[in-house]
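Here is the file input.cif (mmCIF, C-alpha atoms).
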```cif
data_upload
loop_
_atom_site.label_atom_id
_atom_site.label_comp_id
_atom_site.auth_asym_id
_atom_site.auth_seq_id
_atom_site.Cartn_x
_atom_site.Cartn_y
_atom_site.Cartn_z
CA MET A 565 -14.10 -2.26 6.19
CA GLY A 566 -11.67 -2.35 9.07
CA ALA A 567 -9.05 -4.96 9.73
CA VAL A 568 -9.67 -7.72 12.23
CA GLY A 569 -7.58 -8.97 15.13
CA THR A 570 -6.07 -5.63 16.14
CA ALA A 571 -5.42 -3.79 19.37
CA SER A 572 -6.71 -0.28 20.01
CA SER A 573 -3.20 1.00 20.81
CA GLY A 574 -2.07 0.66 17.21
CA THR A 575 -0.01 -2.48 17.89
CA PRO A 576 -1.05 -5.84 16.43
CA ALA A 577 -3.04 -8.10 18.75
CA TRP A 578 -1.45 -11.53 19.17
CA ARG A 579 -4.78 -13.29 19.64
CA GLY A 580 -6.67 -14.08 16.49
CA GLY A 581 -5.46 -13.88 12.93
CA PHE A 582 -2.14 -12.08 13.36
CA GLY A 583 -0.90 -14.52 16.01
CA ARG A 584 -1.60 -17.46 13.72
CA LEU A 585 0.03 -15.74 10.74
CA TRP A 586 3.10 -14.94 12.86
CA THR A 587 3.32 -18.54 14.08
CA ALA A 588 2.99 -19.87 10.53
CA ALA A 589 5.77 -17.55 9.33
CA VAL A 590 8.11 -18.49 12.19
CA VAL A 591 7.49 -22.24 11.86
CA SER A 592 8.01 -22.12 8.11
CA ARG A 593 11.24 -20.08 8.39
CA PHE A 594 12.57 -22.60 10.95
CA GLY A 595 12.10 -25.41 8.43
CA ASP A 596 13.54 -23.34 5.60
CA ALA A 597 16.71 -22.73 7.64
CA LEU A 598 17.18 -26.48 8.07
CA ARG A 599 16.67 -27.11 4.35
CA THR A 600 18.87 -24.27 3.09
CA SER A 601 21.67 -25.41 5.39
CA ALA A 602 21.40 -29.01 4.20
CA LEU A 603 21.15 -28.32 0.45
CA PRO A 604 24.77 -27.11 -0.07
CA LEU A 605 26.08 -30.04 1.95
CA LEU A 606 24.08 -32.45 -0.17
CA ALA A 607 25.19 -30.69 -3.37
CA VAL A 608 28.85 -31.01 -2.34
CA ARG A 609 28.34 -34.72 -1.75
CA LEU A 610 26.89 -35.10 -5.25
CA THR A 611 29.45 -33.02 -7.16
CA GLY A 612 32.72 -31.23 -6.57
CA GLN A 613 32.24 -28.64 -9.33
CA PRO A 614 31.66 -25.13 -7.90
CA LEU A 615 29.82 -23.90 -11.01
CA VAL A 616 27.36 -26.79 -10.82
CA ILE A 617 26.77 -26.10 -7.12
CA ALA A 618 26.28 -22.40 -7.91
CA SER A 619 23.62 -23.34 -10.47
CA VAL A 620 21.50 -24.69 -7.62
CA THR A 621 21.68 -21.29 -5.91
CA ALA A 622 21.02 -19.43 -9.16
CA CYS A 623 17.92 -21.49 -9.89
CA GLY A 624 16.68 -20.56 -6.42
CA TYR A 625 16.51 -16.91 -7.58
CA LEU A 626 15.72 -17.23 -11.28
CA PRO A 627 11.92 -17.63 -10.89
CA TRP A 628 11.71 -14.10 -9.47
CA LEU A 629 12.94 -12.78 -12.81
CA LEU A 630 10.69 -15.08 -14.83
CA PHE A 631 7.50 -15.14 -12.75
CA GLY A 632 7.85 -12.48 -10.03
CA LEU A 633 5.55 -9.91 -11.65
CA PHE A 634 3.04 -12.57 -12.65
CA GLY A 635 3.01 -13.86 -9.07
CA GLY A 636 2.06 -10.39 -7.86
CA ALA A 637 -0.75 -10.11 -10.42
CA VAL A 638 -2.14 -13.51 -9.44
CA ALA A 639 -1.93 -12.56 -5.75
CA ASP A 640 -4.14 -9.52 -6.47
CA ARG A 641 -6.64 -11.63 -8.39
CA VAL A 642 -7.23 -14.52 -6.00
CA GLY A 643 -8.02 -14.86 -2.30
CA GLN A 644 -4.65 -14.37 -0.60
CA ARG A 645 -5.38 -16.68 2.35
CA ARG A 646 -6.38 -19.54 0.08
CA ALA A 647 -3.41 -18.99 -2.23
CA MET A 648 -1.01 -19.08 0.73
CA TRP A 649 -2.20 -22.30 2.30
CA LEU A 650 -2.46 -24.05 -1.07
CA VAL A 651 1.09 -22.99 -1.97
CA ASP A 652 2.44 -24.16 1.39
CA THR A 653 0.66 -27.49 0.99
CA VAL A 654 2.21 -28.01 -2.44
CA ARG A 655 5.64 -26.97 -1.17
CA GLY A 656 5.30 -29.38 1.76
CA LEU A 657 4.50 -32.24 -0.59
CA LEU A 658 7.37 -31.36 -2.92
CA VAL A 659 9.92 -31.26 -0.11
CA ALA A 660 8.49 -34.47 1.38
CA GLY A 661 8.96 -36.19 -1.97
CA PHE A 662 12.53 -34.88 -2.14
CA ALA A 663 13.20 -36.15 1.39
CA LEU A 664 12.01 -39.58 0.27
CA ALA A 665 14.32 -39.45 -2.75
CA VAL A 666 17.28 -38.53 -0.52
CA GLY A 667 16.41 -41.34 1.89
CA LEU A 668 16.32 -43.83 -0.97
CA GLY A 669 19.64 -42.59 -2.36
CA CYS A 670 18.05 -41.19 -5.52
CA ALA A 671 19.05 -37.55 -5.07
CA SER A 672 20.86 -35.84 -7.95
CA ILE A 673 21.95 -32.36 -8.99
CA PRO A 674 19.11 -32.06 -11.58
CA LEU A 675 16.65 -32.97 -8.82
CA LEU A 676 18.16 -30.32 -6.52
CA ILE A 677 17.87 -27.72 -9.29
CA ALA A 678 14.26 -28.71 -9.99
CA LEU A 679 13.40 -28.45 -6.29
CA ALA A 680 15.05 -25.04 -5.87
CA PHE A 681 13.34 -23.68 -8.99
CA SER A 682 9.91 -25.06 -8.07
CA LEU A 683 9.97 -23.80 -4.48
CA THR A 684 10.93 -20.27 -5.54
CA ALA A 685 8.38 -20.24 -8.37
CA LEU A 686 5.70 -20.98 -5.78
CA GLN A 687 7.24 -18.42 -3.42
CA THR A 688 6.59 -15.64 -5.96
CA LEU A 689 2.88 -16.12 -5.31
CA PHE A 690 3.14 -16.82 -1.59
CA ASP A 691 5.27 -13.80 -0.60
CA ASN A 692 3.22 -11.30 -2.59
CA ALA A 693 -0.05 -12.75 -1.28
CA SER A 694 1.30 -12.55 2.28
CA THR A 695 2.18 -8.87 1.86
CA ALA A 696 -1.28 -8.14 0.46
CA LEU A 697 -3.02 -10.16 3.20
CA LEU A 698 -1.54 -8.44 6.26
CA PRO A 699 -3.61 -5.21 5.94
CA SER A 700 -6.71 -7.41 6.29
CA LEU A 701 -5.49 -8.66 9.68
CA VAL A 702 -4.23 -5.49 11.39
CA THR A 703 -5.11 -1.81 11.32
CA ARG A 704 -3.23 0.65 9.17
CA GLU A 705 -1.57 2.10 12.28
CA ALA A 706 -0.38 -1.36 13.38
CA LEU A 707 1.21 -2.37 10.07
CA GLY A 708 4.70 -1.18 11.06
CA GLY A 709 4.65 -3.11 14.34
CA ALA A 710 3.19 -6.19 12.65
CA ASN A 711 5.87 -6.23 9.95
CA ALA A 712 8.59 -5.73 12.57
CA ARG A 713 7.31 -8.65 14.65
CA LEU A 714 7.01 -10.89 11.60
CA MET A 715 10.53 -10.16 10.39
CA THR A 716 12.08 -10.38 13.85
CA GLY A 717 10.35 -13.70 14.52
CA GLN A 718 11.45 -15.10 11.18
CA GLN A 719 15.04 -14.03 11.67
CA SER A 720 15.13 -15.49 15.17
CA ALA A 721 13.64 -18.77 13.99
CA GLY A 722 16.05 -19.01 11.06
CA GLY A 723 19.11 -18.20 13.18
CA LEU A 724 18.84 -18.65 16.93
CA LEU A 725 16.29 -21.46 16.99
CA ALA A 726 17.34 -23.45 13.94
CA GLY A 727 21.09 -23.06 14.54
CA PRO A 728 21.48 -25.79 17.18
CA PHE A 729 19.48 -28.27 15.07
CA VAL A 730 21.40 -27.75 11.82
CA PRO A 731 24.32 -30.09 12.71
CA LEU A 732 22.10 -32.59 14.55
CA LEU A 733 19.47 -33.50 11.96
CA PRO A 734 21.88 -34.61 9.18
CA ALA A 735 23.48 -36.94 11.72
CA SER A 736 20.11 -38.67 11.94
CA GLY A 737 20.01 -39.11 8.17
CA ALA A 738 20.56 -36.90 5.12
CA PHE A 739 16.81 -36.82 4.52
CA MET A 740 15.91 -35.47 7.98
CA PRO A 741 16.31 -31.70 7.34
CA PHE A 742 14.05 -32.00 4.31
CA ALA A 743 11.48 -34.11 6.13
CA ALA A 744 11.41 -31.52 8.93
CA ASP A 745 10.99 -28.70 6.40
CA ALA A 746 8.10 -30.53 4.76
CA GLY A 747 6.40 -30.84 8.15
CA THR A 748 6.77 -27.12 8.86
CA TYR A 749 5.21 -26.25 5.49
CA LEU A 750 2.17 -28.38 6.27
CA VAL A 751 1.83 -26.91 9.78
CA ALA A 752 2.04 -23.40 8.33
CA ALA A 753 -0.57 -24.29 5.70
CA ALA A 754 -2.97 -25.45 8.40
CA LEU A 755 -2.47 -22.26 10.42
CA VAL A 756 -3.05 -19.99 7.42
CA ALA A 757 -6.09 -22.01 6.34
CA SER A 758 -7.64 -21.37 9.77
CA LEU A 759 -7.48 -17.57 9.36
CA ARG A 760 -10.75 -15.70 9.08
CA VAL A 761 -10.31 -12.56 7.05
CA ARG A 762 -12.64 -10.29 5.19
CA PRO A 763 -12.08 -10.46 1.44
CA PRO A 764 -10.44 -7.27 0.17
CA GLU A 765 -12.52 -4.80 -1.78
CA ARG A 766 -11.61 -5.07 -5.45
CA GLU A 767 -12.89 -3.12 -8.39
CA PRO A 768 -14.35 -5.33 -11.14
CA ARG A 769 -11.74 -6.21 -13.75
CA PRO A 770 -12.35 -4.62 -17.15
CA ALA A 771 -13.61 -6.93 -19.85
CA GLY A 772 -10.74 -8.66 -21.58
CA SER A 773 -8.26 -7.85 -18.82
CA THR A 774 -5.24 -10.14 -18.77
CA LEU A 775 -2.42 -10.73 -16.32
CA ARG A 776 -0.12 -8.79 -18.63
CA THR A 777 -2.35 -5.71 -18.67
CA GLU A 778 -2.82 -5.93 -14.90
CA ILE A 779 0.95 -6.08 -14.40
CA GLY A 780 1.24 -2.95 -16.52
CA ALA A 781 -1.40 -1.20 -14.41
CA GLY A 782 0.49 -2.09 -11.24
CA LEU A 783 3.79 -0.81 -12.64
CA ARG A 784 2.13 2.45 -13.71
CA ALA A 785 0.67 2.89 -10.22
CA LEU A 786 4.13 2.35 -8.75
CA TRP A 787 5.71 4.81 -11.20
CA ARG A 788 3.15 7.52 -10.41
CA ASP A 789 3.98 7.36 -6.69
CA ARG A 790 7.42 8.94 -6.49
CA VAL A 791 7.98 7.83 -2.88
CA LEU A 792 7.41 4.18 -3.77
CA THR A 793 9.44 4.53 -6.96
CA CYS A 794 12.42 5.89 -5.03
CA SER A 795 12.10 3.07 -2.49
CA ALA A 796 12.10 0.52 -5.29
CA GLY A 797 15.23 2.16 -6.72
CA VAL A 798 17.00 1.87 -3.37
CA ALA A 799 15.94 -1.79 -3.19
CA ILE A 800 17.86 -2.41 -6.43
CA ARG A 801 20.99 -0.65 -5.19
CA ALA A 802 20.93 -1.89 -1.60
CA PRO A 803 19.68 -5.49 -1.34
CA MET A 804 19.79 -7.46 1.89
CA PRO A 805 23.41 -7.70 3.14
CA MET A 806 24.85 -11.19 3.07
CA TRP A 807 27.53 -10.70 5.73
CA HIS A 808 27.01 -11.68 9.37
CA SER A 809 27.20 -8.29 11.05
CA SER A 810 24.60 -7.62 13.74
CA VAL A 811 24.59 -3.89 12.92
CA ALA A 812 24.14 -4.58 9.22
CA THR A 813 21.42 -7.16 9.88
CA ARG A 814 19.53 -4.80 12.19
CA THR A 815 19.82 -1.93 9.71
CA ALA A 816 18.56 -4.15 6.90
CA ARG A 817 15.66 -5.32 9.03
CA VAL A 818 14.60 -1.75 9.87
CA TRP A 819 14.82 -0.82 6.19
CA ASN A 820 12.74 -3.83 5.13
CA VAL A 821 10.10 -3.15 7.77
CA ASN A 822 9.70 0.44 6.60
CA ARG A 823 9.78 -0.54 2.92
CA VAL A 824 7.06 -3.19 3.24
CA THR A 825 4.92 -0.99 5.48
CA LEU A 826 5.25 1.88 3.02
CA MET A 827 3.98 -0.16 0.09
CA GLN A 828 1.08 -1.52 2.17
CA GLN A 829 0.04 1.96 3.30
CA ARG A 830 0.59 3.92 0.09
CA GLY A 831 -0.23 1.30 -2.52
CA PRO A 832 -3.84 0.89 -3.72
CA GLY A 833 -5.39 -2.02 -1.83
CA SER A 834 -6.15 -3.90 -5.03
CA MET A 835 -2.55 -3.56 -6.27
CA VAL A 836 -0.41 -4.34 -3.21
CA GLY A 837 0.58 -7.74 -4.59
CA ARG A 838 1.76 -6.26 -7.89
CA ILE A 839 3.66 -3.44 -6.20
CA ALA A 840 5.30 -5.91 -3.78
CA SER A 841 6.30 -8.12 -6.70
CA ALA A 842 8.01 -5.19 -8.43
CA PHE A 843 10.02 -4.49 -5.26
CA ARG A 844 11.05 -8.11 -4.81
CA THR A 845 11.84 -8.70 -8.47
CA SER A 846 14.04 -5.60 -8.63
CA SER A 847 15.92 -6.47 -5.44
CA THR A 848 16.77 -10.00 -6.67
CA SER A 849 17.44 -9.11 -10.31
CA GLY A 850 21.21 -9.59 -10.09
CA ALA A 851 21.26 -12.67 -7.84
CA PRO A 852 21.23 -15.42 -10.52
CA LEU A 853 24.08 -13.79 -12.45
CA GLY A 854 26.00 -13.23 -9.21
CA ALA A 855 25.63 -16.90 -8.27
CA PHE A 856 26.94 -18.07 -11.64
CA LEU A 857 29.85 -15.59 -11.55
CA GLY A 858 30.72 -16.71 -8.02
CA GLY A 859 30.70 -20.34 -9.06
CA ALA A 860 32.82 -19.64 -12.11
CA ALA A 861 35.32 -17.62 -10.07
CA ALA A 862 35.57 -20.39 -7.46
CA GLY A 863 36.19 -22.97 -10.18
CA LEU A 864 38.89 -20.90 -11.89
CA TYR A 865 40.67 -19.16 -9.02
CA GLY A 866 39.77 -21.04 -5.83
CA LEU A 867 37.12 -20.88 -3.11
CA ASN A 868 38.23 -17.45 -1.81
CA ALA A 869 37.70 -15.79 -5.19
CA PRO A 870 33.92 -15.12 -4.84
CA ALA A 871 34.44 -13.15 -1.60
CA LEU A 872 37.19 -11.08 -3.19
CA LEU A 873 35.06 -10.54 -6.30
CA ALA A 874 32.14 -9.34 -4.16
CA ALA A 875 34.38 -6.85 -2.36
CA VAL A 876 34.92 -4.88 -5.57
CA PRO A 877 31.32 -3.62 -6.08
CA PHE A 878 30.94 -2.97 -2.34
CA ALA A 879 34.06 -0.81 -2.34
CA SER A 880 32.89 0.93 -5.51
CA ALA A 881 29.54 1.71 -3.91
CA VAL A 882 31.28 3.34 -0.94
CA VAL A 883 33.39 5.49 -3.25
CA VAL A 884 30.32 6.62 -5.18
CA LEU A 885 28.41 7.51 -2.00
CA ILE A 886 31.19 9.55 -0.34
CA PRO A 887 30.58 12.76 -2.36
CA GLY A 888 26.89 12.62 -1.48
CA ARG A 889 27.47 12.91 2.25
CA GLU A 890 26.18 16.28 3.46
CA PRO A 891 28.50 18.05 5.90
CA GLY A 892 27.13 18.92 9.30
CA VAL A 893 24.29 16.35 9.23
CA SER A 894 24.36 13.68 11.91
CA ALA A 895 24.29 10.16 10.53
CA VAL A 896 22.64 9.00 13.76
CA ALA A 897 19.84 11.50 13.30
CA ARG A 898 19.19 10.21 9.78
CA ALA A 899 19.08 6.63 11.00
CA ASP A 900 16.61 7.52 13.74
CA SER A 901 14.41 9.42 11.33
CA VAL A 902 13.74 6.34 9.22
CA SER A 903 13.31 3.89 12.11
CA THR A 904 9.58 4.32 12.43
CA ALA A 905 8.94 0.70 13.39
CA ARG A 906 11.29 -1.07 15.79
CA PRO A 907 10.93 -4.73 16.74
CA ALA A 908 9.56 -5.34 20.21
CA ARG A 909 12.07 -6.59 22.75
#
```
Represent the structure of the file as structure tokens.
Amino acid sequence: MGAVGTASSGTPAWRGGFGRLWTAAVVSRFGDALRTSALPLLAVRLTGQPLVIASVTACGYLPWLLFGLFGGAVADRVGQRRAMWLVDTVRGLLVAGFALAVGLGCASIPLLIALAFSLTALQTLFDNASTALLPSLVTREALGGANARLMTGQQSAGGLLAGPFVPLLPASGAFMPFAADAGTYLVAAALVASLRVRPPEREPRPAGSTLRTEIGAGLRALWRDRVLTCSAGVAIRAPMPMWHSSVATRTARVWNVNRVTLMQQRGPGSMVGRIASAFRTSSTSGAPLGAFLGGAAAGLYGLNAPALLAAVPFASAVVVLIPGREPGVSAVARADSVSTARPAR
């Protein structure tokens, strides 16, 4: 069965399902940017201990290690559209409740940690279901363009659009960024719920199949595909850069577009969620430990210590890569060769 809502030119059609999915992603990222900017400020108001503040960040990554693979298996079992709008509804209600607690002066560090952990635990299902859903909305040829537009829209919403509002909303009340984020979750849930997609073709599950055995099947499928396995290995070694360099951000975006498109095109349709979860889990595997180490370094040696500590592995990575550079091969040519999907301007 073919995908719906596509254009004959191989680019995703904005009308129909993809346009609503894109709008939901952009609206939700806008709200997330407001919340993630407000959380550290609120944490600093509640405590002055860097390690405690770092624990909030660490708990925002920890669910990927605990539940990431299970989230991918669940995403392959259930209807992705339904899973996405239900998750966004629950996240909207959670953040709305947190906004109420902040407004009433009842916020605390344990509550911040519980919120960060819960939202990411739900995200393990949402993100993998979203990756598995997209091939039902656009053609195989349009996947690269669709992923590029989604990621470009999300980055613009989280940076350019949300930026001017970040300092304004807290001035209206500490609860406002969280209330706005809750509203964007509910809007996104309504948009995803309105999608009309054909259910993916799935082979019947063997009798007695469990989530654990299905995770194993997904990992074996990933291991057998050497191209996907190599891409997953690079994801571990080269996660999303955290510095604010436009070149680095653009390079990371191109890499992510190609990586996601590759898994959607090469992965078995019934296992895309599990394969996506393996990629995401591997790429975030060191984040909780890094957050705790950064917090500990800041507490012991000052606020500049985490940046200096991070510079050591980056410099080491450069030293390791230098011998692998092939003489006489243009770096520009290599960059162009992997840029198969560029965001529309």
*Let me know the residues the PyMOL selection byres ((chain A and resi 779) around 9) catches in the file above, as a list in words.*
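Checked against the file, the PyMOL selection byres ((chain A and resi 779) around 9) matches Leu633, Phe634, Gly636, Ala637, Thr774, Leu775, Arg776, Thr777, Glu778, Gly780, Ala781, Gly782, Leu783, Arg784 and Arg838 of chain A.
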*asked:* Show me, as a PyMOL selection string, the residues that have an atom within 8 Å of Ala660 (chain A) when counting all atoms listed in the file, minus same-chain residues fewer than 4 positions from it.
replied: chain A and resi 656+664+742-743+746-747
*Residues matched by the PyMOL selection byres ((chain A and resi 631) around 12) as number ranges by chain*: A: 625-630, 632-638, 681-682, 684-689, 692, 775-776, 779, 838, 841-842, 844-845, 849
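A straight line drawn from CA of Leu676 (chain A) to CA of Leu603 (chain A) is 7.8 Å long.
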*Would you kindly translate the PyMOL selection byres ((chain A and resi 605) around 12) into the concrete residues it picks from this file, as an MDAnalysis selection string?*
chainID A and resid 598:604 606:612 617 620 673 676 730:731 734 738:739 741
*Which of these residues is nearest to Asp652 (chain A), using only C-alpha atoms: A:Ser834, A:Gly708, A:Gly717, A:Ala754?*
A:Ala754
*Using all atoms listed in the file, which of the listed residues (A:Met827, A:Phe690, A:Leu732, A:Leu675) sits closest to Cys623 (chain A)?*
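For Cys623 (chain A), the nearest of the candidates is A:Leu675.
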*Interatomic distance between CA of Gly581 (chain A) and CA of Ser700 (chain A)?*
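Spanning CA of Gly581 (chain A) to CA of Ser700 (chain A) is a straight-line distance of 9.4 Å.
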*Proximity to Phe729 (chain A) - best of A:Val666, A:Leu679, A:Val590, A:Ala597, all atoms listed in the file*: A:Ala597
*Restricting the calculation to all atoms listed in the file, which member of A:Ala753, A:Thr653, A:Leu707, A:Ala639 is positioned closest to Asn822 (chain A)?*
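Under the stated criterion, the closest residue is A:Leu707.
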_Which residue is closest to Arg823 (chain A)? Choose from A:Leu658, A:Leu697, A:Ala712, A:Ala757 and count only C-alpha atoms._
A:Ala712
